[in-house]
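Working notes, structure below.
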Amino acid sequence: MKYLFELSKEHRKIPTTEITTLLQTEQIEHEIIESTSDVLIINSNNGKKILTIAERLAYTYFLDELLFTSTIDIKSLKKKAEENKIKQLGTIAVKYRNRSEKINSREIIKAIADVYTEKREVELDDPEIEIRLIISDERIYVTIKKLKINRMQYEQRKVQNRPFFSPISLHPKLARYLVNISGIRKGQTLLDPFVGTGGMILEAGLIGVNVIGSDVEQKMIQGCKKTLDYYKVKHYDLFCSDIGEIDKKIPKKIDAVVTDMPYGKATTTKGEDMDKLYDRTFKKISEILKNKSKAVIGLSNKKHIKQAEKYLKLNSLNEIRVHGSLTRYFPVFEKQP
């Protein structure tokens, strides 16, 4: 079956990277049919697992079953729609997303509606079947909605809405993305050694990951506990520790590390030189990670990547503009045997 992911287009690479990483993480056999800034289409026989990973996504709007694609030609569109009628019974609605600034969608929608709503009851608010059209400059994708991604949840979990507040915190949507590209699976253990307000471990905990958070400031640990308890995250461990001592409090090797390193005047490094702190951190992460496991590490400066490469293999690099002129770097490293 062909599945279509409707991408958010908030970033050129992030939406596709998130999906393909999760497909690899969950070992879902698939073939990529098409990849654009609008959609990612795959062929796979494992629909149940695809639905499960879709629920984790932060940069996708919908997961759909692809019925067919067509050129921007009404005759061709109607002909293909007639050839791809659906047998499923129930109320129906035709909805769309127009990604093109030069195409008027009215005729296109009418053509599809004429075919799919014939002899069916139309229910716009809560249909049993939702036909979706994604209109791009060159093609039309006609699909059946399988899942609408709950993206509002990330806005609701913004740091100012959580029990513990600190202005230095990544948007929950970005935090979820970083967790997703770490290769972590439900039931495995993820560590954030600079846990801060707890945004990373909150997103990991909400998808069934066992989480560990550490920080040099006790107030951060207390604040994280309030947040995790508020969102009913059950499997967590929090403690106050310097990065150099963290292995003494962890009973076994870790499946993934996701963290945003301290930077700038607002962070606490206990007076330690930043380069020295970073070097100690990369070394310690390489010691506590399982072989072939990944560390996603937020950096304010690319120069620290070279430091990390003394201990970890660089897999990929995400450059993300957080706000204004501030760009953050999120390399994905792997622990080599």
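How things are named: the first chain in the structure tokens is A, the next is B, and so on; residues count from 1 in each chain; ligands count from 1 in the order shown.
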
Give one line per residue of stretch 50-111 of chain A that approaches stretch 116-133 of chain A to at most 12 Å, naming the two atoms of the closest pair and their distance in Å to one decimal, counting only C-alpha atoms; sort by chain then ascending residue number and deliver it as CSV.
residue,atom,partner,partner_atom,distance
A:Tyr61,CA,A:Arg132,CA,12.0
A:Phe62,CA,A:Arg132,CA,9.7
A:Leu63,CA,A:Arg132,CA,10.5
A:Asp64,CA,A:Arg132,CA,8.1
A:Glu65,CA,A:Arg132,CA,9.5
A:Leu66,CA,A:Arg132,CA,9.3
A:Leu67,CA,A:Ile131,CA,9.3
A:Phe68,CA,A:Leu133,CA,10.2
A:Thr69,CA,A:Leu133,CA,9.6
A:Ser70,CA,A:Leu133,CA,10.6
A:Leu77,CA,A:Leu133,CA,11.3
A:Lys78,CA,A:Tyr116,CA,10.0
A:Lys80,CA,A:Tyr116,CA,11.5
A:Ala81,CA,A:Tyr116,CA,7.7
A:Glu82,CA,A:Tyr116,CA,8.4
A:Glu83,CA,A:Tyr116,CA,11.1
A:Asn84,CA,A:Tyr116,CA,9.5
A:Lys85,CA,A:Tyr116,CA,7.0
A:Ile86,CA,A:Tyr116,CA,7.9
A:Lys87,CA,A:Tyr116,CA,10.5
A:Gln88,CA,A:Ile129,CA,8.0
A:Leu89,CA,A:Ile129,CA,8.2
A:Gly90,CA,A:Glu128,CA,5.5
A:Thr91,CA,A:Glu121,CA,5.1
A:Ile92,CA,A:Ile129,CA,4.7
A:Ala93,CA,A:Glu130,CA,5.1
A:Val94,CA,A:Ile131,CA,4.7
A:Lys95,CA,A:Arg132,CA,4.9
A:Tyr96,CA,A:Leu133,CA,4.4
A:Arg97,CA,A:Leu133,CA,6.2
A:Asn98,CA,A:Leu133,CA,7.9
A:Arg99,CA,A:Leu133,CA,10.2
A:Ser105,CA,A:Leu133,CA,9.6
A:Arg106,CA,A:Leu133,CA,11.6
A:Ile108,CA,A:Leu133,CA,8.8
A:Ile109,CA,A:Leu133,CA,7.8
A:Lys110,CA,A:Tyr116,CA,10.0
A:Ala111,CA,A:Tyr116,CA,9.0

Residues from the last selection, C-alpha atoms, saved as a PDB file, in the first residue's frame:
ATOM      1  CA  TYR A  61       0.179  17.315   9.198  1.00  0.00           C
ATOM      2  CA  PHE A  62      -1.481  14.090   8.008  1.00  0.00           C
ATOM      3  CA  LEU A  63      -0.791  10.470   7.170  1.00  0.00           C
ATOM      4  CA  ASP A  64      -2.898   9.377   4.185  1.00  0.00           C
ATOM      5  CA  GLU A  65      -3.444   6.388   1.967  1.00  0.00           C
ATOM      6  CA  LEU A  66      -2.597   7.435  -1.579  1.00  0.00           C
ATOM      7  CA  LEU A  67      -5.336   6.713  -4.137  1.00  0.00           C
ATOM      8  CA  PHE A  68      -3.657   8.262  -7.188  1.00  0.00           C
ATOM      9  CA  THR A  69      -1.743  11.251  -8.532  1.00  0.00           C
ATOM     10  CA  SER A  70      -2.687  13.372 -11.520  1.00  0.00           C
ATOM     11  CA  LEU A  77      -8.229  14.006 -12.904  1.00  0.00           C
ATOM     12  CA  LYS A  78     -11.873  12.924 -13.277  1.00  0.00           C
ATOM     13  CA  LYS A  80      -8.440   8.709 -12.642  1.00  0.00           C
ATOM     14  CA  ALA A  81     -10.981   9.359  -9.892  1.00  0.00           C
ATOM     15  CA  GLU A  82     -13.531   7.163 -11.716  1.00  0.00           C
ATOM     16  CA  GLU A  83     -10.888   4.423 -11.964  1.00  0.00           C
ATOM     17  CA  ASN A  84     -10.075   4.704  -8.236  1.00  0.00           C
ATOM     18  CA  LYS A  85     -13.470   4.747  -6.576  1.00  0.00           C
ATOM     19  CA  ILE A  86     -13.634   3.555  -2.968  1.00  0.00           C
ATOM     20  CA  LYS A  87     -15.723   0.635  -1.713  1.00  0.00           C
ATOM     21  CA  GLN A  88     -15.786   1.700   1.932  1.00  0.00           C
ATOM     22  CA  LEU A  89     -19.248   2.775   3.098  1.00  0.00           C
ATOM     23  CA  GLY A  90     -19.990   5.801   5.239  1.00  0.00           C
ATOM     24  CA  THR A  91     -20.381   9.559   5.280  1.00  0.00           C
ATOM     25  CA  ILE A  92     -17.808  11.473   3.238  1.00  0.00           C
ATOM     26  CA  ALA A  93     -16.106  14.839   2.842  1.00  0.00           C
ATOM     27  CA  VAL A  94     -13.605  16.204   0.343  1.00  0.00           C
ATOM     28  CA  LYS A  95     -10.948  18.467   1.850  1.00  0.00           C
ATOM     29  CA  TYR A  96      -7.785  19.934   0.436  1.00  0.00           C
ATOM     30  CA  ARG A  97      -4.478  21.709   0.988  1.00  0.00           C
ATOM     31  CA  ASN A  98      -3.390  24.000  -1.842  1.00  0.00           C
ATOM     32  CA  ARG A  99       0.393  24.306  -1.838  1.00  0.00           C
ATOM     33  CA  SER A 105      -8.358  24.945  -6.573  1.00  0.00           C
ATOM     34  CA  ARG A 106     -12.125  25.434  -7.110  1.00  0.00           C
ATOM     35  CA  ILE A 108     -10.179  20.677  -9.001  1.00  0.00           C
ATOM     36  CA  ILE A 109     -12.207  20.219  -5.824  1.00  0.00           C
ATOM     37  CA  LYS A 110     -15.494  20.159  -7.738  1.00  0.00           C
ATOM     38  CA  ALA A 111     -14.194  17.498 -10.113  1.00  0.00           C
TER      39      ALA A 111
END

Can you list every residue of stretch 278-325 of chain A that has an atom at most 7 Å from stretch 164-186 of chain A, with its nearest atom pair and the distance in Å to one decimal, using only C-alpha atoms, ordered by chain then number, as CSV?
residue,atom,partner,partner_atom,distance
A:Lys294,CA,A:Ser182,CA,5.6
A:Ala295,CA,A:Ser182,CA,6.4
A:Val296,CA,A:Ser182,CA,6.1

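With distances restricted to only C-alpha atoms, A:Val195 is the closest residue to A:Ile221 from A:Ile243, A:Val233, A:Leu40, A:Val195.
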
Task: Residue neighbourhood stretch 210-216 of chain A, 10 Å, only C-alpha atoms, exclusion window fewer than 3 positions, as an NGL selection string - done: :A and (184-198 or 200-207 or 219-221 or 224-225 or 233-243 or 246 or 249-250 or 254-257 or 259 or 268-270)

Task: Members of stretch 57-258 of chain A assigned helix (DSSP H, G or I) by DSSP, as JSON, numbers by chain - done: {"A": [74, 75, 76, 77, 78, 79, 80, 81, 82, 83, 106, 107, 108, 109, 110, 111, 112, 113, 114, 115, 116, 152, 153, 154, 155, 156, 159, 160, 161, 172, 173, 174, 175, 176, 177, 178, 179, 180, 199, 200, 201, 202, 203, 204, 205, 218, 219, 220, 221, 222, 223, 224, 225, 226, 227, 228, 229, 230, 243, 244, 245, 246, 247, 248, 249]}

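With only C-alpha atoms as the atoms that count, the minimum distance from A:Ile135 to the choices A:Asp275, A:Asp260, A:Asp73, A:Glu10 is reached by A:Asp73.
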
Open item on the list: Please extract the residues of stretch 163-337 of chain A with a backbone DSSP assignment of strand (DSSP E or B) and present them as number ranges by chain.
Closed with: A: 189-192, 210-215, 236-240, 254-260, 289-299, 313-323, 326-334
